[in-house]
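Asks: Mind having a look at this structure? Questions to follow.
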Amino acid sequence: MFEKLIDILKANPRKIVFPEGPDPRILEASARLKKDGFLTPVLVGNVDEVKAAAAAGNFDIEGIEIIDPETYPEMDAMVEKMVELRKGKMTAEDCRKNLLKSNYFGTMLVKMGKADALLGGATYSTADTVRPALQLIKTKPGNKIVSSCFIMVRGEEMLAMGDCAINITTDEDQLVEIAIETARTAATFGIDPKVAMLSYSTLGSGAGPDVDKVRNATAKVKELAPDLKIDGELQFDAAVSPVVAKTKCKGSPVAGQANTFIFPEIQSGNIGYKIAQRLGGFDAYGPILQGLNAPINDLSRGCNADEVYTMAIITAALK
């Protein structure tokens, strides 16, 4: 999986900013990235503090750029840009105060082209990573929401699942965005997306507003992305079992062979990917944020250095 992403980074040199520069897990991953040479880390934090933490952990960060918001020479320009982006919702004083926080500062480094991507959340909450991204990076043209995707890996098998982490409830149009963005993410990982829009009903076997939502969203995706292999609404067994598919939805381009799964809301999505992880033996990579104007991702606060390293590669390669 990672060979394809690393090839992308080797062909397109990129910088990734880590807002939590002094964190030992960030420093260990950054030292490894420096050694490997295909992705350039940028650390945010007090220079002396970051270097002391690196020395304590015996992490070689020599030559890695460290930027301290307190002494950043272009802070005035950054404040001015943030005031413009917030369109009257924050004063210059408010912006300066927020930019002294590494999550906002790191996000603005991406916005101003000083870095290509951001990976945070080792100590910040998901909300504290996503909020600056929504306020400053904003969603891509045509997108109204940020969604998420997990890439599930078991040996050579890879699946994509969304949205399992961000949108608590969804309407038809949000499901459309989630499906299209998750298919794009899947393709980046080398998955030829066959998208199943999941439900408790298969092509009319059940009825109700929840079924209608999934069915209508599927129809809209087919109009917007006619080349995408997608079907729905599908029960999970019809989506993955060729035997069940022959009985319930013969002739479907997706049923029985789906590899990209769109859940109707977060509750089923979160449960579904964790069942695959804990009982199915899949490794889960994510949540990968989708729909933003720049690649920004959130770590678990319980992450380790290996997870930081892999998520850095994933984040930067999705630019």
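Quick note on naming: the chains in the structure tokens go A, B, ... in the order shown, residues restart at 1 in each chain, and ligands are numbered from 1 in order of appearance.
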Could you give me, as JSON lines, a per-residue list for stretch 185-266 of chain A showing, wherever an atom lies at most 9 Å from an atom of stretch 147-155 of chain A, the closest pair of atoms and their distance in Å to one decimal, using only C-alpha atoms and sorting by chain then residue number from low to high?
Replies:
```
{"residue": "A:Thr185", "atom": "CA", "partner": "A:Cys149", "partner_atom": "CA", "distance": 7.7}
{"residue": "A:Ala186", "atom": "CA", "partner": "A:Ile151", "partner_atom": "CA", "distance": 7.5}
{"residue": "A:Phe189", "atom": "CA", "partner": "A:Ile151", "partner_atom": "CA", "distance": 8.4}
```
Asks: If you keep N, CA and C atoms, can you produce a file of those selected residues as a PDB file, in the first residue's frame?
Replies:
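See again23.pdb below for the written result:
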```pdb
ATOM      1  N   THR A 185     -10.539   8.869  -2.602  1.00  0.00           N
ATOM      2  CA  THR A 185      -9.517   8.437  -1.654  1.00  0.00           C
ATOM      3  C   THR A 185      -9.107   6.994  -1.936  1.00  0.00           C
ATOM      4  N   ALA A 186     -10.087   6.135  -2.160  1.00  0.00           N
ATOM      5  CA  ALA A 186      -9.803   4.730  -2.454  1.00  0.00           C
ATOM      6  C   ALA A 186      -8.889   4.610  -3.663  1.00  0.00           C
ATOM      7  N   PHE A 189      -5.221   5.086  -3.168  1.00  0.00           N
ATOM      8  CA  PHE A 189      -4.545   3.944  -2.553  1.00  0.00           C
ATOM      9  C   PHE A 189      -4.429   2.753  -3.501  1.00  0.00           C
TER      10      PHE A 189
END
```
Asks: Going by DSSP on the backbone, which residues of stretch 27-252 of chain A come out as strand (DSSP E)? List them as a VMD selection string.
Replies: chain A and resid 40 to 44 65 to 67 117 to 120 147 to 154 157 to 162 194 to 198 229 to 234
Asks: Would you put the residues from that selection into a file with N, CA and C atoms, as a short mmCIF file (atom, residue, chain, number, x, y, z; two decimals), in the first residue's frame?
Replies:
```cif
data_model
loop_
_atom_site.label_atom_id
_atom_site.label_comp_id
_atom_site.auth_asym_id
_atom_site.auth_seq_id
_atom_site.Cartn_x
_atom_site.Cartn_y
_atom_site.Cartn_z
N THR A 40 9.20 16.10 3.71
CA THR A 40 9.90 17.05 4.59
C THR A 40 9.01 17.48 5.74
N PRO A 41 9.39 17.17 6.99
CA PRO A 41 8.61 17.62 8.13
C PRO A 41 8.96 19.05 8.53
N VAL A 42 7.96 19.77 9.04
CA VAL A 42 8.13 21.09 9.63
C VAL A 42 7.51 21.03 11.02
N LEU A 43 8.28 21.40 12.04
CA LEU A 43 7.81 21.29 13.42
C LEU A 43 7.43 22.66 13.97
N VAL A 44 6.30 22.74 14.66
CA VAL A 44 5.87 23.98 15.29
C VAL A 44 6.11 23.86 16.79
N GLU A 65 13.21 22.01 9.88
CA GLU A 65 12.75 23.36 10.20
C GLU A 65 11.84 23.34 11.42
N ILE A 66 12.13 24.22 12.37
CA ILE A 66 11.30 24.41 13.56
C ILE A 66 10.83 25.85 13.57
N ILE A 67 9.53 26.07 13.67
CA ILE A 67 8.99 27.43 13.63
C ILE A 67 8.24 27.71 14.93
N ALA A 117 0.72 20.24 3.74
CA ALA A 117 -0.22 19.40 4.47
C ALA A 117 0.02 19.58 5.97
N LEU A 118 -0.94 19.11 6.76
CA LEU A 118 -0.82 19.20 8.22
C LEU A 118 -1.34 17.92 8.84
N LEU A 119 -0.64 17.46 9.87
CA LEU A 119 -1.08 16.32 10.66
C LEU A 119 -1.01 16.71 12.13
N GLY A 120 -2.16 16.75 12.77
CA GLY A 120 -2.24 17.14 14.18
C GLY A 120 -3.08 16.15 14.96
N SER A 147 -15.74 15.17 5.34
CA SER A 147 -16.10 13.81 5.72
C SER A 147 -14.83 13.03 6.02
N SER A 148 -15.01 11.74 6.29
CA SER A 148 -13.83 10.93 6.63
C SER A 148 -13.92 9.56 5.99
N CYS A 149 -12.77 8.93 5.88
CA CYS A 149 -12.67 7.59 5.29
C CYS A 149 -11.61 6.81 6.06
N PHE A 150 -11.87 5.54 6.27
CA PHE A 150 -10.84 4.63 6.77
C PHE A 150 -10.43 3.70 5.64
N ILE A 151 -9.14 3.50 5.49
CA ILE A 151 -8.62 2.47 4.60
C ILE A 151 -8.33 1.25 5.46
N MET A 152 -8.96 0.14 5.11
CA MET A 152 -8.84 -1.09 5.86
C MET A 152 -7.94 -2.05 5.09
N VAL A 153 -6.92 -2.58 5.77
CA VAL A 153 -5.92 -3.41 5.10
C VAL A 153 -5.77 -4.74 5.82
N ARG A 154 -5.87 -5.82 5.05
CA ARG A 154 -5.63 -7.17 5.58
C ARG A 154 -4.84 -7.94 4.53
N GLU A 157 -5.43 -7.33 0.72
CA GLU A 157 -6.79 -6.84 0.55
C GLU A 157 -6.94 -5.44 1.14
N MET A 158 -7.56 -4.53 0.37
CA MET A 158 -7.81 -3.18 0.85
C MET A 158 -9.26 -2.79 0.60
N LEU A 159 -9.85 -2.15 1.59
CA LEU A 159 -11.21 -1.64 1.50
C LEU A 159 -11.23 -0.19 1.94
N ALA A 160 -12.24 0.55 1.51
CA ALA A 160 -12.46 1.92 1.97
C ALA A 160 -13.83 2.00 2.62
N MET A 161 -13.90 2.73 3.74
CA MET A 161 -15.17 2.87 4.46
C MET A 161 -15.36 4.32 4.88
N GLY A 162 -16.55 4.86 4.59
CA GLY A 162 -16.84 6.24 4.99
C GLY A 162 -18.34 6.42 5.20
N LYS A 194 -15.42 0.13 -6.16
CA LYS A 194 -16.74 -0.42 -6.44
C LYS A 194 -17.57 -0.09 -5.21
N VAL A 195 -18.43 0.90 -5.35
CA VAL A 195 -19.04 1.57 -4.20
C VAL A 195 -20.41 0.97 -3.87
N ALA A 196 -20.56 0.52 -2.64
CA ALA A 196 -21.84 0.03 -2.13
C ALA A 196 -22.42 1.06 -1.18
N MET A 197 -23.60 1.57 -1.49
CA MET A 197 -24.33 2.48 -0.61
C MET A 197 -25.17 1.61 0.32
N LEU A 198 -24.74 1.51 1.57
CA LEU A 198 -25.26 0.51 2.49
C LEU A 198 -26.57 0.92 3.15
N LYS A 229 -18.38 3.08 -10.55
CA LYS A 229 -19.14 1.84 -10.30
C LYS A 229 -19.78 1.95 -8.92
N ILE A 230 -21.09 2.06 -8.90
CA ILE A 230 -21.80 2.28 -7.64
C ILE A 230 -23.18 1.65 -7.73
N ASP A 231 -23.66 1.15 -6.59
CA ASP A 231 -25.02 0.62 -6.56
C ASP A 231 -25.57 0.78 -5.15
N GLY A 232 -26.87 0.83 -5.06
CA GLY A 232 -27.53 0.96 -3.77
C GLY A 232 -29.01 1.22 -3.95
N GLU A 233 -29.78 0.99 -2.94
CA GLU A 233 -29.28 0.63 -1.63
C GLU A 233 -28.99 -0.86 -1.54
N LEU A 234 -27.93 -1.22 -0.79
CA LEU A 234 -27.51 -2.62 -0.66
C LEU A 234 -27.30 -2.97 0.81
#
```
Asks: Could you pull the residues within 12 Å of A:Thr123, counting only C-alpha atoms, minus those fewer than 5 positions along the same chain, as a ChimeraX atom specification?
Replies: /A:18-26,102-103,128-129,298-304
Asks: Would you pick out the contacts of stretch 132-144 of chain A at 9 Å or less, using only C-alpha atoms, so that residues sharing its chain but fewer than 5 positions from it are not included, and give the list as a list in words?
Replies: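 That gives Met82, Leu85, Arg86, Asn103, Tyr104, Thr107, Met108, Val110, Lys111, Ala127, Gln174, Glu177, Gln290, Gly291, Leu292, Asn293, Ala294 and Ile296 of chain A.
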Asks: Write out as an MDAnalysis selection string which residues come within 9 Å of A:Leu27 when counting only C-alpha atoms, dropping same-chain ones fewer than 5 positions away.
Replies: chainID A and resid 21:22 32 43 50 53:54 57 59:61 305
Asks: Give me, please, the distance in Å between atom CA of A:Asn12 and atom CA of A:Lys34, quoted to one decimal.
Replies: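 Between atom CA of A:Asn12 and atom CA of A:Lys34 the gap works out to 15.8 Å.
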Asks: Write out as a ChimeraX atom specification each polymer residue whose atoms come within 10 Å of A:Glu172, counting only C-alpha atoms; drop sequence neighbours fewer than 4 positions from it.
Replies: /A:176-178,210,212-221,264
Asks: What does the file look like for those residues with N, CA and C atoms, as an mmCIF file, in the first residue's frame?
Replies:
```
data_model
loop_
_atom_site.group_PDB
_atom_site.id
_atom_site.type_symbol
_atom_site.label_atom_id
_atom_site.label_comp_id
_atom_site.auth_asym_id
_atom_site.auth_seq_id
_atom_site.Cartn_x
_atom_site.Cartn_y
_atom_site.Cartn_z
ATOM 1 N N VAL A 176 -23.981 11.930 -0.959
ATOM 2 C CA VAL A 176 -23.402 12.035 -2.298
ATOM 3 C C VAL A 176 -21.946 12.485 -2.203
ATOM 4 N N GLU A 177 -21.694 13.546 -1.449
ATOM 5 C CA GLU A 177 -20.321 14.036 -1.277
ATOM 6 C C GLU A 177 -19.425 12.963 -0.661
ATOM 7 N N ILE A 178 -19.928 12.299 0.366
ATOM 8 C CA ILE A 178 -19.139 11.276 1.049
ATOM 9 C C ILE A 178 -18.773 10.155 0.090
ATOM 10 N N ASP A 210 -35.198 6.212 5.694
ATOM 11 C CA ASP A 210 -33.760 5.913 5.688
ATOM 12 C C ASP A 210 -33.350 5.193 4.405
ATOM 13 N N ASP A 212 -35.036 5.452 1.520
ATOM 14 C CA ASP A 212 -35.198 6.440 0.455
ATOM 15 C C ASP A 212 -33.972 7.337 0.346
ATOM 16 N N LYS A 213 -33.438 7.724 1.494
ATOM 17 C CA LYS A 213 -32.258 8.603 1.511
ATOM 18 C C LYS A 213 -31.092 7.962 0.768
ATOM 19 N N VAL A 214 -30.823 6.700 1.065
ATOM 20 C CA VAL A 214 -29.693 6.013 0.439
ATOM 21 C C VAL A 214 -29.962 5.789 -1.049
ATOM 22 N N ARG A 215 -31.183 5.383 -1.372
ATOM 23 C CA ARG A 215 -31.517 5.133 -2.777
ATOM 24 C C ARG A 215 -31.408 6.420 -3.599
ATOM 25 N N ASN A 216 -31.943 7.511 -3.069
ATOM 26 C CA ASN A 216 -31.903 8.780 -3.799
ATOM 27 C C ASN A 216 -30.472 9.305 -3.925
ATOM 28 N N ALA A 217 -29.680 9.134 -2.875
ATOM 29 C CA ALA A 217 -28.281 9.567 -2.937
ATOM 30 C C ALA A 217 -27.528 8.779 -4.007
ATOM 31 N N THR A 218 -27.798 7.486 -4.108
ATOM 32 C CA THR A 218 -27.153 6.658 -5.131
ATOM 33 C C THR A 218 -27.473 7.173 -6.530
ATOM 34 N N ALA A 219 -28.734 7.510 -6.756
ATOM 35 C CA ALA A 219 -29.146 8.025 -8.068
ATOM 36 C C ALA A 219 -28.427 9.328 -8.395
ATOM 37 N N LYS A 220 -28.252 10.190 -7.394
ATOM 38 C CA LYS A 220 -27.569 11.466 -7.615
ATOM 39 C C LYS A 220 -26.086 11.260 -7.930
ATOM 40 N N VAL A 221 -25.455 10.300 -7.248
ATOM 41 C CA VAL A 221 -24.043 10.016 -7.539
ATOM 42 C C VAL A 221 -23.893 9.523 -8.970
ATOM 43 N N PRO A 264 -24.840 4.868 6.045
ATOM 44 C CA PRO A 264 -25.865 5.914 6.014
ATOM 45 C C PRO A 264 -25.697 6.987 7.084
#
```
